[in-house]
Amino acid sequence: MTAEPADPALSSSQEGKGHRNAFVAMILAWLVPGAGHLYLGRRSRAVVFLLLVAFSICLGVLLHGKLFVVLPDQPLSRLGTLASMGMGIPYFVLQFVLGYRGDIQGSSYEYGSAFLLTAGLMNLLLVLDAWDIAGGHKD
Amino acid sequence: MSHILLMALYAVQVSVFFAVLWRRSPRDQGKLFLQLFLGMMVGGLVLAWLMYPLPPSPPGPIP
């Protein structure tokens with residue numbers, strides 16, 4: 001009989017990598033794309049995810065896409081901001097360190113915005129995936 | 001970059017992501033990648049073809 005992990009936050013991974021805290025995995029996964037999977041011992045997947053999210057961010061910036069911020073008179077901007085913030089540290093670096101805003105008059109603005117939003121959304125999925133792996137629900 | 005190239009890049013990126021996220025064996029990953037990639041590319045082209053007769057909208061004001 002296989003026992004379900006009593007607390008997914010403290011269960012071990014199925015590859016025998018030792019105990020891994022699910023909350024730490026989620027926070028790492030959010031902060032740096034792929035870091036959660038690296039913490040959980042999934043090195044190859046971590047590298048692939050890091051490259052994919054980084055590629056999406058770089059292409060979005062090269063295309064002058066929009067990096068969402070909350071605008072009081074536009075409620076939907078909150079959703080866009082939430083999705084963009086999913087990319088973790090890169091969002092804050094772009095927003096506050098580099099002062100990146102995008103160029104709405106650029107011909108590739110919409111494409112760039114799609115890539116930036118997708119980077120954040122992909123990383124949010126990685127956060128959930130890290131939780132599932134740490135909880136033993138997925139290998 | 002052309003629209004079709006950007007669409008292909010986007011399709012490749014998303015297809016690889018979900019193939020690695022949802023499948024474990026390389027064979028299954030390749031199969032899912034092809035399904036997703038072709039689905040997005042063919043679906044995008046079909047949608048573009050269906051919208052071709054529609055008149056283009058005038059550009060909106062820049063906020």
# chains A, B, ... in the order shown; residues from 1 in each chain; ligands from 1
>>> closest_atom_pairs(of="chain B", to="chain A", cutoff="12 Å", atoms="only C-alpha atoms", output="tab-separated table")
residue	atom	partner	partner_atom	distance
B:Met1	CA	A:Ser108	CA	8.3
B:Ser2	CA	A:Ser108	CA	9.5
B:His3	CA	A:Tyr111	CA	8.8
B:Ile4	CA	A:Tyr111	CA	11.3
B:Leu5	CA	A:Tyr111	CA	11.1
B:Leu6	CA	A:Tyr111	CA	7.6
B:Met7	CA	A:Tyr111	CA	8.8
B:Ala8	CA	A:Tyr111	CA	11.9
B:Leu9	CA	A:Ser56	CA	9.5
B:Tyr10	CA	A:Phe115	CA	7.5
B:Ala11	CA	A:Phe115	CA	10.9
B:Val12	CA	A:Leu52	CA	9.9
B:Gln13	CA	A:Leu52	CA	6.5
B:Val14	CA	A:Thr118	CA	8.5
B:Ser15	CA	A:Leu52	CA	10.5
B:Val16	CA	A:Leu52	CA	8.2
B:Phe17	CA	A:Phe49	CA	7.0
B:Phe18	CA	A:Met122	CA	9.1
B:Ala19	CA	A:Arg45	CA	10.9
B:Val20	CA	A:Arg45	CA	7.1
B:Leu21	CA	A:Asp129	CA	8.0
B:Trp22	CA	A:Asp129	CA	9.7
B:Arg23	CA	A:Asp139	CA	10.4
B:Arg24	CA	A:Asp139	CA	8.9
B:Pro59	CA	A:Gln105	CA	11.5
B:Gly60	CA	A:Gln105	CA	11.6
B:Pro61	CA	A:Gln105	CA	10.8
B:Ile62	CA	A:Ile104	CA	7.9
B:Pro63	CA	A:Ile104	CA	8.9
>>> write_last_selection(atoms="N, CA and C atoms", output="PDB file, in the first residue's frame")
ATOM      1  N   MET B   1      11.352  41.327 -38.353  1.00  0.00           N
ATOM      2  CA  MET B   1      11.045  39.929 -38.640  1.00  0.00           C
ATOM      3  C   MET B   1       9.634  39.817 -39.218  1.00  0.00           C
ATOM      4  N   SER B   2       9.433  38.847 -40.066  1.00  0.00           N
ATOM      5  CA  SER B   2       8.132  38.711 -40.702  1.00  0.00           C
ATOM      6  C   SER B   2       7.121  38.117 -39.720  1.00  0.00           C
ATOM      7  N   HIS B   3       5.863  38.324 -40.025  1.00  0.00           N
ATOM      8  CA  HIS B   3       4.795  37.823 -39.170  1.00  0.00           C
ATOM      9  C   HIS B   3       4.855  36.299 -39.069  1.00  0.00           C
ATOM     10  N   ILE B   4       5.084  35.664 -40.189  1.00  0.00           N
ATOM     11  CA  ILE B   4       5.055  34.192 -40.197  1.00  0.00           C
ATOM     12  C   ILE B   4       6.234  33.628 -39.397  1.00  0.00           C
ATOM     13  N   LEU B   5       7.375  34.299 -39.461  1.00  0.00           N
ATOM     14  CA  LEU B   5       8.528  33.847 -38.685  1.00  0.00           C
ATOM     15  C   LEU B   5       8.268  34.012 -37.196  1.00  0.00           C
ATOM     16  N   LEU B   6       7.673  35.137 -36.818  1.00  0.00           N
ATOM     17  CA  LEU B   6       7.358  35.347 -35.406  1.00  0.00           C
ATOM     18  C   LEU B   6       6.327  34.334 -34.919  1.00  0.00           C
ATOM     19  N   MET B   7       5.359  34.022 -35.763  1.00  0.00           N
ATOM     20  CA  MET B   7       4.364  33.023 -35.391  1.00  0.00           C
ATOM     21  C   MET B   7       5.015  31.656 -35.223  1.00  0.00           C
ATOM     22  N   ALA B   8       5.945  31.339 -36.124  1.00  0.00           N
ATOM     23  CA  ALA B   8       6.644  30.044 -36.023  1.00  0.00           C
ATOM     24  C   ALA B   8       7.509  29.991 -34.768  1.00  0.00           C
ATOM     25  N   LEU B   9       8.206  31.087 -34.459  1.00  0.00           N
ATOM     26  CA  LEU B   9       9.025  31.119 -33.251  1.00  0.00           C
ATOM     27  C   LEU B   9       8.168  30.929 -32.001  1.00  0.00           C
ATOM     28  N   TYR B  10       7.032  31.602 -31.993  1.00  0.00           N
ATOM     29  CA  TYR B  10       6.127  31.484 -30.852  1.00  0.00           C
ATOM     30  C   TYR B  10       5.613  30.045 -30.724  1.00  0.00           C
ATOM     31  N   ALA B  11       5.251  29.469 -31.851  1.00  0.00           N
ATOM     32  CA  ALA B  11       4.733  28.091 -31.836  1.00  0.00           C
ATOM     33  C   ALA B  11       5.801  27.106 -31.373  1.00  0.00           C
ATOM     34  N   VAL B  12       7.021  27.299 -31.826  1.00  0.00           N
ATOM     35  CA  VAL B  12       8.116  26.413 -31.406  1.00  0.00           C
ATOM     36  C   VAL B  12       8.328  26.518 -29.901  1.00  0.00           C
ATOM     37  N   GLN B  13       8.397  27.747 -29.433  1.00  0.00           N
ATOM     38  CA  GLN B  13       8.656  27.971 -28.012  1.00  0.00           C
ATOM     39  C   GLN B  13       7.578  27.329 -27.136  1.00  0.00           C
ATOM     40  N   VAL B  14       6.336  27.595 -27.440  1.00  0.00           N
ATOM     41  CA  VAL B  14       5.239  27.065 -26.623  1.00  0.00           C
ATOM     42  C   VAL B  14       5.155  25.540 -26.758  1.00  0.00           C
ATOM     43  N   SER B  15       5.394  25.024 -27.942  1.00  0.00           N
ATOM     44  CA  SER B  15       5.317  23.576 -28.146  1.00  0.00           C
ATOM     45  C   SER B  15       6.410  22.844 -27.370  1.00  0.00           C
ATOM     46  N   VAL B  16       7.617  23.378 -27.412  1.00  0.00           N
ATOM     47  CA  VAL B  16       8.709  22.752 -26.645  1.00  0.00           C
ATOM     48  C   VAL B  16       8.390  22.797 -25.160  1.00  0.00           C
ATOM     49  N   PHE B  17       7.887  23.936 -24.719  1.00  0.00           N
ATOM     50  CA  PHE B  17       7.581  24.092 -23.290  1.00  0.00           C
ATOM     51  C   PHE B  17       6.595  23.031 -22.813  1.00  0.00           C
ATOM     52  N   PHE B  18       5.479  22.907 -23.518  1.00  0.00           N
ATOM     53  CA  PHE B  18       4.470  21.958 -23.061  1.00  0.00           C
ATOM     54  C   PHE B  18       4.893  20.504 -23.292  1.00  0.00           C
ATOM     55  N   ALA B  19       5.670  20.264 -24.313  1.00  0.00           N
ATOM     56  CA  ALA B  19       6.156  18.901 -24.543  1.00  0.00           C
ATOM     57  C   ALA B  19       7.060  18.457 -23.394  1.00  0.00           C
ATOM     58  N   VAL B  20       7.931  19.342 -22.945  1.00  0.00           N
ATOM     59  CA  VAL B  20       8.830  18.999 -21.827  1.00  0.00           C
ATOM     60  C   VAL B  20       8.071  18.970 -20.510  1.00  0.00           C
ATOM     61  N   LEU B  21       7.083  19.843 -20.386  1.00  0.00           N
ATOM     62  CA  LEU B  21       6.324  19.915 -19.130  1.00  0.00           C
ATOM     63  C   LEU B  21       5.398  18.713 -18.942  1.00  0.00           C
ATOM     64  N   TRP B  22       4.794  18.265 -20.013  1.00  0.00           N
ATOM     65  CA  TRP B  22       3.744  17.254 -19.897  1.00  0.00           C
ATOM     66  C   TRP B  22       4.176  15.836 -20.231  1.00  0.00           C
ATOM     67  N   ARG B  23       5.282  15.658 -20.898  1.00  0.00           N
ATOM     68  CA  ARG B  23       5.716  14.310 -21.293  1.00  0.00           C
ATOM     69  C   ARG B  23       7.108  14.022 -20.769  1.00  0.00           C
ATOM     70  N   ARG B  24       7.409  12.734 -20.563  1.00  0.00           N
ATOM     71  CA  ARG B  24       8.700  12.371 -20.013  1.00  0.00           C
ATOM     72  C   ARG B  24       9.646  11.745 -21.045  1.00  0.00           C
ATOM     73  N   PRO B  59      -6.610  52.310 -37.941  1.00  0.00           N
ATOM     74  CA  PRO B  59      -5.755  52.326 -36.747  1.00  0.00           C
ATOM     75  C   PRO B  59      -6.375  53.160 -35.637  1.00  0.00           C
ATOM     76  N   GLY B  60      -6.266  52.650 -34.429  1.00  0.00           N
ATOM     77  CA  GLY B  60      -6.820  53.359 -33.283  1.00  0.00           C
ATOM     78  C   GLY B  60      -5.886  54.462 -32.818  1.00  0.00           C
ATOM     79  N   PRO B  61      -6.400  55.337 -31.943  1.00  0.00           N
ATOM     80  CA  PRO B  61      -5.552  56.430 -31.439  1.00  0.00           C
ATOM     81  C   PRO B  61      -4.475  55.894 -30.508  1.00  0.00           C
ATOM     82  N   ILE B  62      -3.336  56.496 -30.543  1.00  0.00           N
ATOM     83  CA  ILE B  62      -2.243  56.102 -29.651  1.00  0.00           C
ATOM     84  C   ILE B  62      -2.435  56.801 -28.310  1.00  0.00           C
ATOM     85  N   PRO B  63      -2.558  56.017 -27.227  1.00  0.00           N
ATOM     86  CA  PRO B  63      -2.796  56.663 -25.922  1.00  0.00           C
ATOM     87  C   PRO B  63      -1.574  57.464 -25.454  1.00  0.00           C
TER      88      PRO B  63
END
>>> select_by_dssp(residues="chain A", states="strand (DSSP E or B)", output="JSON, numbers by chain")
{"A": [12, 19, 71, 74]}
>>> select_by_dssp(residues="chain B", states="alpha helix (DSSP H)", output="VMD selection string")
chain B and resid 3 to 22 26 to 51
>>> atom_distance(atom1="atom CA of A:Leu67", atom2="atom CA of A:Gly34")
21.1 Å
